[in-house]
$ cat target-v2.cif   # mmCIF, C-alpha atoms
data_coords
#
loop_
_atom_site.group_PDB
_atom_site.id
_atom_site.type_symbol
_atom_site.label_atom_id
_atom_site.label_comp_id
_atom_site.auth_asym_id
_atom_site.auth_seq_id
_atom_site.Cartn_x
_atom_site.Cartn_y
_atom_site.Cartn_z
ATOM 1 C CA MET A 1 -131.623 1.630 149.479
ATOM 2 C CA PRO A 2 -134.578 -0.727 148.817
ATOM 3 C CA GLU A 3 -134.125 -4.373 149.699
ATOM 4 C CA ILE A 4 -133.369 -6.610 146.742
ATOM 5 C CA GLU A 5 -135.781 -9.510 146.298
ATOM 6 C CA PRO A 6 -134.438 -13.080 146.235
ATOM 7 C CA PHE A 7 -133.228 -14.277 142.843
ATOM 8 C CA GLN A 8 -136.110 -16.756 142.484
ATOM 9 C CA GLU A 9 -138.682 -13.998 142.942
ATOM 10 C CA ARG A 10 -136.920 -11.764 140.438
ATOM 11 C CA ALA A 11 -136.739 -14.607 137.919
ATOM 12 C CA LYS A 12 -140.403 -15.526 138.462
ATOM 13 C CA LYS A 13 -141.577 -11.966 137.820
ATOM 14 C CA LEU A 14 -139.471 -11.791 134.666
ATOM 15 C CA VAL A 15 -140.531 -15.139 133.238
ATOM 16 C CA LEU A 16 -144.259 -14.616 133.871
ATOM 17 C CA THR A 17 -144.555 -11.799 131.350
ATOM 18 C CA LEU A 18 -145.615 -11.707 127.723
ATOM 19 C CA GLN A 19 -142.406 -9.905 126.854
ATOM 20 C CA PHE A 20 -140.358 -12.869 128.096
ATOM 21 C CA VAL A 21 -142.311 -15.195 125.794
ATOM 22 C CA TRP A 22 -141.566 -12.718 122.992
ATOM 23 C CA PHE A 23 -137.876 -12.947 123.892
ATOM 24 C CA VAL A 24 -137.943 -16.767 123.937
ATOM 25 C CA GLY A 25 -139.558 -16.759 120.492
ATOM 26 C CA HIS A 26 -136.768 -14.590 119.107
ATOM 27 C CA LEU A 27 -134.142 -16.694 120.871
ATOM 28 C CA VAL A 28 -135.571 -19.852 119.304
ATOM 29 C CA THR A 29 -135.602 -18.228 115.883
ATOM 30 C CA ALA A 30 -132.030 -16.974 116.232
ATOM 31 C CA ILE A 31 -130.657 -20.352 117.329
ATOM 32 C CA GLN A 32 -132.761 -22.708 115.216
ATOM 33 C CA GLY A 33 -132.588 -20.449 112.168
ATOM 34 C CA SER A 34 -128.802 -20.211 112.391
ATOM 35 C CA LEU A 35 -128.538 -23.988 112.658
ATOM 36 C CA CYS A 36 -130.825 -24.425 109.662
ATOM 37 C CA LEU A 37 -128.849 -21.942 107.550
ATOM 38 C CA ALA A 38 -125.638 -23.723 108.505
ATOM 39 C CA PHE A 39 -126.737 -27.354 108.219
ATOM 40 C CA GLY A 40 -130.024 -27.344 106.295
ATOM 41 C CA SER A 41 -132.097 -29.322 108.798
ATOM 42 C CA PRO A 42 -135.872 -29.284 108.092
ATOM 43 C CA TRP A 43 -136.473 -29.718 111.837
ATOM 44 C CA HIS A 44 -134.543 -26.540 112.662
ATOM 45 C CA TYR A 45 -136.365 -24.733 109.832
ATOM 46 C CA SER A 46 -139.834 -25.346 111.241
ATOM 47 C CA LYS A 47 -138.793 -24.578 114.824
ATOM 48 C CA ALA A 48 -137.273 -21.273 113.717
ATOM 49 C CA TYR A 49 -140.531 -20.195 112.118
ATOM 50 C CA TYR A 50 -142.611 -21.314 115.097
ATOM 51 C CA GLY A 51 -140.458 -19.020 117.217
ATOM 52 C CA ALA A 52 -140.880 -16.187 114.725
ATOM 53 C CA LEU A 53 -144.660 -16.608 114.681
ATOM 54 C CA ALA A 54 -144.839 -16.516 118.469
ATOM 55 C CA SER A 55 -142.778 -13.317 118.637
ATOM 56 C CA TYR A 56 -144.585 -11.488 115.845
ATOM 57 C CA LEU A 57 -148.062 -12.424 117.077
ATOM 58 C CA ILE A 58 -147.185 -11.114 120.529
ATOM 59 C CA ILE A 59 -145.881 -7.809 119.184
ATOM 60 C CA LEU A 60 -149.011 -7.414 117.043
ATOM 61 C CA TYR A 61 -151.203 -8.118 120.064
ATOM 62 C CA LYS A 62 -149.324 -5.570 122.178
ATOM 63 C CA ALA A 63 -149.523 -2.968 119.413
ATOM 64 C CA HIS A 64 -153.137 -3.475 118.301
ATOM 65 C CA GLY A 65 -154.915 -5.507 120.970
ATOM 66 C CA PHE A 66 -157.392 -8.290 120.342
ATOM 67 C CA PRO A 67 -158.589 -8.649 116.712
ATOM 68 C CA GLN A 68 -161.580 -6.469 115.888
ATOM 69 C CA LEU A 69 -164.016 -6.858 113.021
ATOM 70 C CA ASN A 70 -163.848 -3.327 111.663
ATOM 71 C CA THR A 71 -162.130 -1.480 108.830
ATOM 72 C CA GLN A 72 -159.975 0.783 111.001
ATOM 73 C CA TYR A 73 -158.438 -2.141 112.856
ATOM 74 C CA ALA A 74 -157.788 -4.000 109.589
ATOM 75 C CA GLN A 75 -156.123 -0.949 108.066
ATOM 76 C CA ARG A 76 -153.884 -0.410 111.100
ATOM 77 C CA LEU A 77 -152.930 -4.063 111.091
ATOM 78 C CA LEU A 78 -152.222 -4.131 107.374
ATOM 79 C CA MET A 79 -149.969 -1.089 107.545
ATOM 80 C CA ASP A 80 -147.875 -2.604 110.324
ATOM 81 C CA GLU A 81 -144.669 -4.106 108.934
ATOM 82 C CA ASN A 82 -144.823 -6.822 111.577
ATOM 83 C CA THR A 83 -148.054 -8.034 109.984
ATOM 84 C CA GLN A 84 -146.290 -8.504 106.670
ATOM 85 C CA TYR A 85 -143.537 -10.567 108.276
ATOM 86 C CA THR A 86 -146.130 -12.608 110.188
ATOM 87 C CA ILE A 87 -148.051 -13.484 107.025
ATOM 88 C CA LEU A 88 -144.837 -14.264 105.192
ATOM 89 C CA SER A 89 -143.623 -16.533 107.993
ATOM 90 C CA VAL A 90 -146.831 -18.579 107.675
ATOM 91 C CA ILE A 91 -146.212 -18.912 103.930
ATOM 92 C CA TRP A 92 -142.604 -20.021 104.452
ATOM 93 C CA LEU A 93 -143.600 -22.431 107.203
ATOM 94 C CA THR A 94 -146.408 -24.145 105.302
ATOM 95 C CA GLY A 95 -144.846 -24.139 101.833
ATOM 96 C CA LYS A 96 -141.743 -25.691 100.322
ATOM 97 C CA GLN A 97 -138.798 -25.033 102.594
ATOM 98 C CA LEU A 98 -136.384 -22.328 101.388
ATOM 99 C CA ARG A 99 -133.552 -21.866 103.854
ATOM 100 C CA VAL A 100 -132.552 -18.398 102.649
ATOM 101 C CA THR A 101 -135.946 -17.028 103.697
ATOM 102 C CA LEU A 102 -134.749 -17.323 107.294
ATOM 103 C CA ILE A 103 -132.076 -14.640 106.845
ATOM 104 C CA PRO A 104 -134.255 -11.620 107.807
ATOM 105 C CA TYR A 105 -135.898 -13.440 110.718
ATOM 106 C CA VAL A 106 -132.585 -14.654 112.135
ATOM 107 C CA VAL A 107 -130.944 -11.235 111.849
ATOM 108 C CA PHE A 108 -133.864 -9.407 113.442
ATOM 109 C CA SER A 109 -134.206 -12.029 116.181
ATOM 110 C CA VAL A 110 -130.530 -11.813 117.121
ATOM 111 C CA PHE A 111 -130.765 -8.083 117.778
ATOM 112 C CA HIS A 112 -134.160 -8.296 119.495
ATOM 113 C CA ALA A 113 -132.869 -11.022 121.812
ATOM 114 C CA LEU A 114 -129.662 -9.140 122.590
ATOM 115 C CA GLY A 115 -131.640 -5.968 123.233
ATOM 116 C CA TYR A 116 -133.873 -7.803 125.684
ATOM 117 C CA VAL A 117 -130.883 -9.244 127.522
ATOM 118 C CA ARG A 118 -129.374 -5.763 127.772
ATOM 119 C CA THR A 119 -132.462 -3.790 128.866
ATOM 120 C CA GLU A 120 -134.580 -6.367 130.714
ATOM 121 C CA LEU A 121 -132.918 -9.638 131.642
ATOM 122 C CA LEU A 122 -129.644 -8.404 133.139
ATOM 123 C CA PRO A 123 -131.016 -5.335 134.999
ATOM 124 C CA LYS A 124 -133.947 -7.249 136.507
ATOM 125 C CA LEU A 125 -132.195 -10.494 137.354
ATOM 126 C CA PHE A 126 -129.043 -8.821 138.622
ATOM 127 C CA PRO A 127 -129.918 -5.345 139.921
ATOM 128 C CA GLY A 128 -127.335 -3.179 141.589
ATOM 129 C CA GLU A 129 -124.121 -5.031 142.363
ATOM 130 C CA THR A 130 -125.563 -8.553 142.591
ATOM 131 C CA LEU A 131 -123.487 -9.470 139.536
ATOM 132 C CA PRO A 132 -120.593 -7.039 138.969
ATOM 133 C CA GLN A 133 -119.956 -8.471 135.504
ATOM 134 C CA SER A 134 -123.459 -7.468 134.354
ATOM 135 C CA ARG A 135 -122.374 -3.876 133.767
ATOM 136 C CA LEU A 136 -119.506 -5.017 131.562
ATOM 137 C CA ILE A 137 -121.791 -7.385 129.632
ATOM 138 C CA THR A 138 -124.402 -4.637 129.199
ATOM 139 C CA ALA A 139 -121.754 -2.220 127.939
ATOM 140 C CA GLN A 140 -120.464 -4.766 125.424
ATOM 141 C CA LEU A 141 -123.984 -5.549 124.208
ATOM 142 C CA THR A 142 -124.741 -1.841 123.813
ATOM 143 C CA LYS A 143 -121.561 -1.348 121.825
ATOM 144 C CA PHE A 144 -122.336 -4.300 119.550
ATOM 145 C CA ILE A 145 -125.957 -3.263 118.934
ATOM 146 C CA GLN A 146 -125.028 0.345 118.180
ATOM 147 C CA ALA A 147 -122.291 -0.770 115.805
ATOM 148 C CA TYR A 148 -124.185 -3.374 113.798
ATOM 149 C CA GLN A 149 -127.972 -3.013 114.142
ATOM 150 C CA ALA A 150 -128.427 -0.284 111.513
ATOM 151 C CA ARG A 151 -126.047 -2.117 109.204
ATOM 152 C CA SER A 152 -127.989 -5.349 109.660
ATOM 153 C CA VAL A 153 -131.206 -3.647 108.522
ATOM 154 C CA ASP A 154 -129.448 -2.668 105.282
ATOM 155 C CA VAL A 155 -128.159 -6.218 104.857
ATOM 156 C CA VAL A 156 -131.662 -7.634 105.311
ATOM 157 C CA ALA A 157 -133.183 -5.229 102.771
ATOM 158 C CA ARG A 158 -130.602 -6.246 100.168
ATOM 159 C CA ALA A 159 -130.889 -9.953 100.973
ATOM 160 C CA GLU A 160 -134.648 -9.766 100.439
ATOM 161 C CA LEU A 161 -134.031 -8.447 96.929
ATOM 162 C CA TRP A 162 -130.869 -10.149 95.723
ATOM 163 C CA ILE A 163 -131.108 -13.535 97.452
ATOM 164 C CA ILE A 164 -134.646 -14.372 98.542
ATOM 165 C CA LEU A 165 -136.516 -12.934 95.536
ATOM 166 C CA PRO A 166 -134.549 -14.966 92.947
ATOM 167 C CA MET A 167 -134.862 -18.077 95.097
ATOM 168 C CA THR A 168 -138.664 -17.755 95.195
ATOM 169 C CA LEU A 169 -138.606 -17.783 91.390
ATOM 170 C CA PHE A 170 -136.165 -20.688 91.102
ATOM 171 C CA GLY A 171 -138.106 -22.495 93.822
ATOM 172 C CA ILE A 172 -140.928 -23.097 91.339
ATOM 173 C CA PHE A 173 -138.683 -25.633 89.599
ATOM 174 C CA TRP A 174 -138.036 -27.360 92.962
ATOM 175 C CA GLY A 175 -141.679 -27.868 93.841
ATOM 176 C CA SER A 176 -142.720 -24.521 95.331
ATOM 177 C CA SER A 177 -146.126 -23.076 94.552
ATOM 178 C CA PHE A 178 -146.506 -20.687 91.624
ATOM 179 C CA PHE A 179 -148.223 -18.318 94.050
ATOM 180 C CA ILE A 180 -145.124 -17.904 96.238
ATOM 181 C CA PRO A 181 -143.398 -15.319 93.967
ATOM 182 C CA PHE A 182 -146.677 -13.392 93.756
ATOM 183 C CA PHE A 183 -147.083 -13.266 97.530
ATOM 184 C CA TYR A 184 -143.449 -12.335 97.992
ATOM 185 C CA PHE A 185 -143.739 -9.561 95.418
ATOM 186 C CA GLN A 186 -146.680 -8.157 97.375
ATOM 187 C CA PHE A 187 -144.576 -8.328 100.540
ATOM 188 C CA LEU A 188 -141.763 -6.388 98.841
ATOM 189 C CA SER A 189 -144.308 -3.816 97.682
ATOM 190 C CA PHE A 190 -145.351 -3.193 101.262
ATOM 191 C CA ARG A 191 -141.715 -3.123 102.345
ATOM 192 C CA TYR A 192 -141.025 -0.478 99.698
ATOM 193 C CA PHE A 193 -143.991 1.562 100.936
ATOM 194 C CA LEU A 194 -143.324 1.208 104.672
ATOM 195 C CA SER A 195 -139.529 1.106 104.976
ATOM 196 C CA PRO A 196 -137.155 3.875 103.801
ATOM 197 C CA VAL A 197 -134.291 1.376 103.967
ATOM 198 C CA ALA A 198 -136.134 -1.082 101.709
ATOM 199 C CA LYS A 199 -137.013 1.751 99.322
ATOM 200 C CA GLN A 200 -133.360 2.795 99.109
ATOM 201 C CA ALA A 201 -132.340 -0.820 98.480
ATOM 202 C CA CYS A 202 -134.859 -1.035 95.614
ATOM 203 C CA HIS A 203 -133.522 2.147 94.040
ATOM 204 C CA GLU A 204 -129.950 0.882 94.310
ATOM 205 C CA ALA A 205 -130.970 -2.472 92.813
ATOM 206 C CA LYS A 206 -132.624 -0.736 89.855
ATOM 207 C CA ALA A 207 -129.536 1.441 89.328
ATOM 208 C CA THR A 208 -127.348 -1.675 89.281
ATOM 209 C CA LEU A 209 -129.628 -3.490 86.839
ATOM 210 C CA ASP A 210 -129.821 -0.398 84.618
ATOM 211 C CA LYS A 211 -126.033 -0.281 84.506
ATOM 212 C CA TYR A 212 -125.484 -3.918 83.595
ATOM 213 C CA ILE A 213 -128.614 -4.576 81.518
ATOM 214 C CA GLY A 214 -130.634 -1.505 80.552
ATOM 215 C CA ASN A 215 -127.659 0.688 79.576
ATOM 216 C CA ASN A 216 -125.228 -2.033 78.559
ATOM 217 C CA PRO A 217 -124.207 -1.403 74.920
ATOM 218 C CA SER A 218 -122.927 -4.963 74.479
ATOM 219 C CA LEU A 219 -126.343 -6.552 75.056
ATOM 220 C CA PRO A 220 -128.800 -7.152 72.196
ATOM 221 C CA ALA A 221 -131.545 -4.552 71.827
ATOM 222 C CA GLY A 222 -134.244 -7.183 72.379
ATOM 223 C CA ILE A 223 -132.936 -8.005 75.843
ATOM 224 C CA LYS A 224 -132.850 -4.337 76.834
ATOM 225 C CA VAL A 225 -136.391 -3.765 75.535
ATOM 226 C CA PHE A 226 -137.612 -6.772 77.513
ATOM 227 C CA TYR A 227 -135.810 -5.465 80.585
ATOM 228 C CA GLN A 228 -137.362 -2.004 80.292
ATOM 229 C CA LYS A 229 -140.852 -3.469 79.921
ATOM 230 C CA ALA A 230 -140.287 -5.738 82.929
ATOM 231 C CA ILE A 231 -139.087 -2.810 85.032
ATOM 232 C CA GLN A 232 -142.091 -0.709 84.050
ATOM 233 C CA MET A 233 -144.436 -3.549 84.962
ATOM 234 C CA VAL A 234 -142.753 -3.949 88.358
ATOM 235 C CA ILE A 235 -143.028 -0.218 89.018
ATOM 236 C CA GLN A 236 -146.646 -0.094 87.859
ATOM 237 C CA TYR A 237 -147.866 -2.970 90.023
ATOM 238 C CA GLY A 238 -145.360 -2.828 92.857
ATOM 239 C CA ASP A 239 -145.314 0.836 93.844
ATOM 240 C CA ILE A 240 -148.234 0.987 96.289
ATOM 241 C CA GLU A 241 -147.474 4.617 97.069
ATOM 242 C CA ALA A 242 -147.740 5.618 93.393
ATOM 243 C CA ARG A 243 -150.987 3.677 92.968
ATOM 244 C CA ALA A 244 -152.468 5.420 96.004
ATOM 245 C CA ARG A 245 -151.556 8.853 94.580
ATOM 246 C CA GLN A 246 -153.079 7.897 91.238
ATOM 247 C CA GLN A 247 -156.336 6.819 92.906
ATOM 248 C CA GLN A 248 -156.507 10.075 94.836
ATOM 249 C CA GLN A 249 -156.033 12.054 91.631
ATOM 250 C CA GLN A 250 -158.804 10.084 89.914
ATOM 251 C CA GLN A 251 -161.188 10.750 92.823
ATOM 252 C CA GLN A 252 -160.552 14.519 92.748
#
$ encode --input "target-v2.cif" --output "structure tokens"
Amino acid sequence: MPEIEPFQERAKKLVLTLQFVWFVGHLVTAIQGSLCLAFGSPWHYSKAYYGALASYLIILYKAHGFPQLNTQYAQRLLMDENTQYTILSVIWLTGKQLRVTLIPYVVFSVFHALGYVRTELLPKLFPGETLPQSRLITAQLTKFIQAYQARSVDVVARAELWIILPMTLFGIFWGSSFFIPFFYFQFLSFRYFLSPVAKQACHEAKATLDKYIGNNPSLPAGIKVFYQKAIQMVIQYGDIEARARQQQQQQQ
């Protein structure tokens, strides 16, 4: 059996890694974002997004390397969902503060941080039987992540549509930029294109709106006509996948 290094050496090797900085970023986002959502502190809001930026920039660096001035690199970067969340975090950080925008970042950060504790922190700081309780903690973390991580992704996809999207529109009346809803709509377009969960959430949202607005016999015809035109406009400009197919057909 190999000799176990002293705790200080194990901790030093763990801390002096880029992945640990990534973990700290997510931990900051999870804690500060939760405090902001609970108490509405502007200080917690900015700290949460600084943590998110650190984590997302690190994951982009690890996935794509140093920035390169060529089309292939730009395309790979653009089609990475982490890029979309990075850009959006800059917008939320520099614009008018909207607390609800933290929901996806906090949820994702909680599970990323817990996953790191389970797979990296506990096994490397307490290998073997150095901490008997570590196995129990790891088992409990595994159980929690398996039970709730997939569900949390669904919750985030629906929150982005039903909570954050309306708030970006209402935020205009509270001092937010008119460009914020436009940028967020572009973000949702990429989410629809890149994420099957987000696509399913969009389809379910449309079905719900069709039921209560588009196919509601008690509503005036003018409202339903306006709704149908709005939906068609959203589909026309928001479905990146459909636009790409149309461009391919035009080029053939």
$ residues_around --input "target-v2.cif" --residues "range 14-22 of chain A" --least-positions-apart "4" --cutoff "10 Å" --atoms "all atoms listed in the file" --output "number ranges by chain"
A: 8-10, 26-27, 51-59, 62, 112-113, 116, 120-121, 124-125
$ atom_distance --input "target-v2.cif" --atom1 "CA of Thr101 in chain A" --atom2 "CA of Tyr73 in chain A"
28.5 Å
$ resolve_selection --input "target-v2.cif" --expression "the PyMOL selection byres ((chain A and resi 149) around 12)" --output "MDAnalysis selection string"
chainID A and resid 107:112 114:115 141:148 150:156
$ residues_around --input "target-v2.cif" --residues "Ile213 in chain A" --least-positions-apart "3" --cutoff "9 Å" --atoms "only C-alpha atoms" --output "ChimeraX atom specification"
/A:208-210,216-217,219,223-224,227
$ write_last_selection --input "target-v2.cif" --atoms "C-alpha atoms" --output "mmCIF file, in the coordinates of the input"
data_model
loop_
_atom_site.group_PDB
_atom_site.id
_atom_site.type_symbol
_atom_site.label_atom_id
_atom_site.label_comp_id
_atom_site.auth_asym_id
_atom_site.auth_seq_id
_atom_site.Cartn_x
_atom_site.Cartn_y
_atom_site.Cartn_z
ATOM 1 C CA THR A 208 -127.348 -1.675 89.281
ATOM 2 C CA LEU A 209 -129.628 -3.490 86.839
ATOM 3 C CA ASP A 210 -129.821 -0.398 84.618
ATOM 4 C CA ASN A 216 -125.228 -2.033 78.559
ATOM 5 C CA PRO A 217 -124.207 -1.403 74.920
ATOM 6 C CA LEU A 219 -126.343 -6.552 75.056
ATOM 7 C CA ILE A 223 -132.936 -8.005 75.843
ATOM 8 C CA LYS A 224 -132.850 -4.337 76.834
ATOM 9 C CA TYR A 227 -135.810 -5.465 80.585
#
$ closest_residue --input "target-v2.cif" --among "A:Pro127, A:Gly222, A:Gly95, A:Gly33" --to "Thr168 in chain A" --atoms "only C-alpha atoms"
A:Gly95
$ residues_around --input "target-v2.cif" --residues "Gln200 in chain A" --least-positions-apart "6" --cutoff "10 Å" --atoms "all atoms listed in the file" --output "number ranges by chain"
A: 154, 157-158, 192, 206
$ atom_distance --input "target-v2.cif" --atom1 "CA of His203 in chain A" --atom2 "CA of Gly171 in chain A"
25.1 Å
$ resolve_selection --input "target-v2.cif" --expression "the PyMOL selection byres ((chain A and resi 46) around 12)" --output "ChimeraX atom specification"
/A:28-29,32-33,35-36,40-45,47-53,89-99,101-102
$ residues_around --input "target-v2.cif" --residues "Gln84 in chain A" --least-positions-apart "4" --cutoff "10 Å" --atoms "only C-alpha atoms" --output "PyMOL selection string"
chain A and resi 56+77-80+88-89+184+186-188+190-191
$ axis_aligned_box --input "target-v2.cif" --around "range 145-151 of chain A" --padding-each-side "5 Å" --output "AutoDock Vina command-line options"
--center_x -125.4 --center_y -1.5 --center_z 114.1 --size_x 16.1 --size_y 13.7 --size_z 19.7
$ atom_distance --input "target-v2.cif" --atom1 "CA of Gln236 in chain A" --atom2 "CA of Phe182 in chain A"
14.5 Å
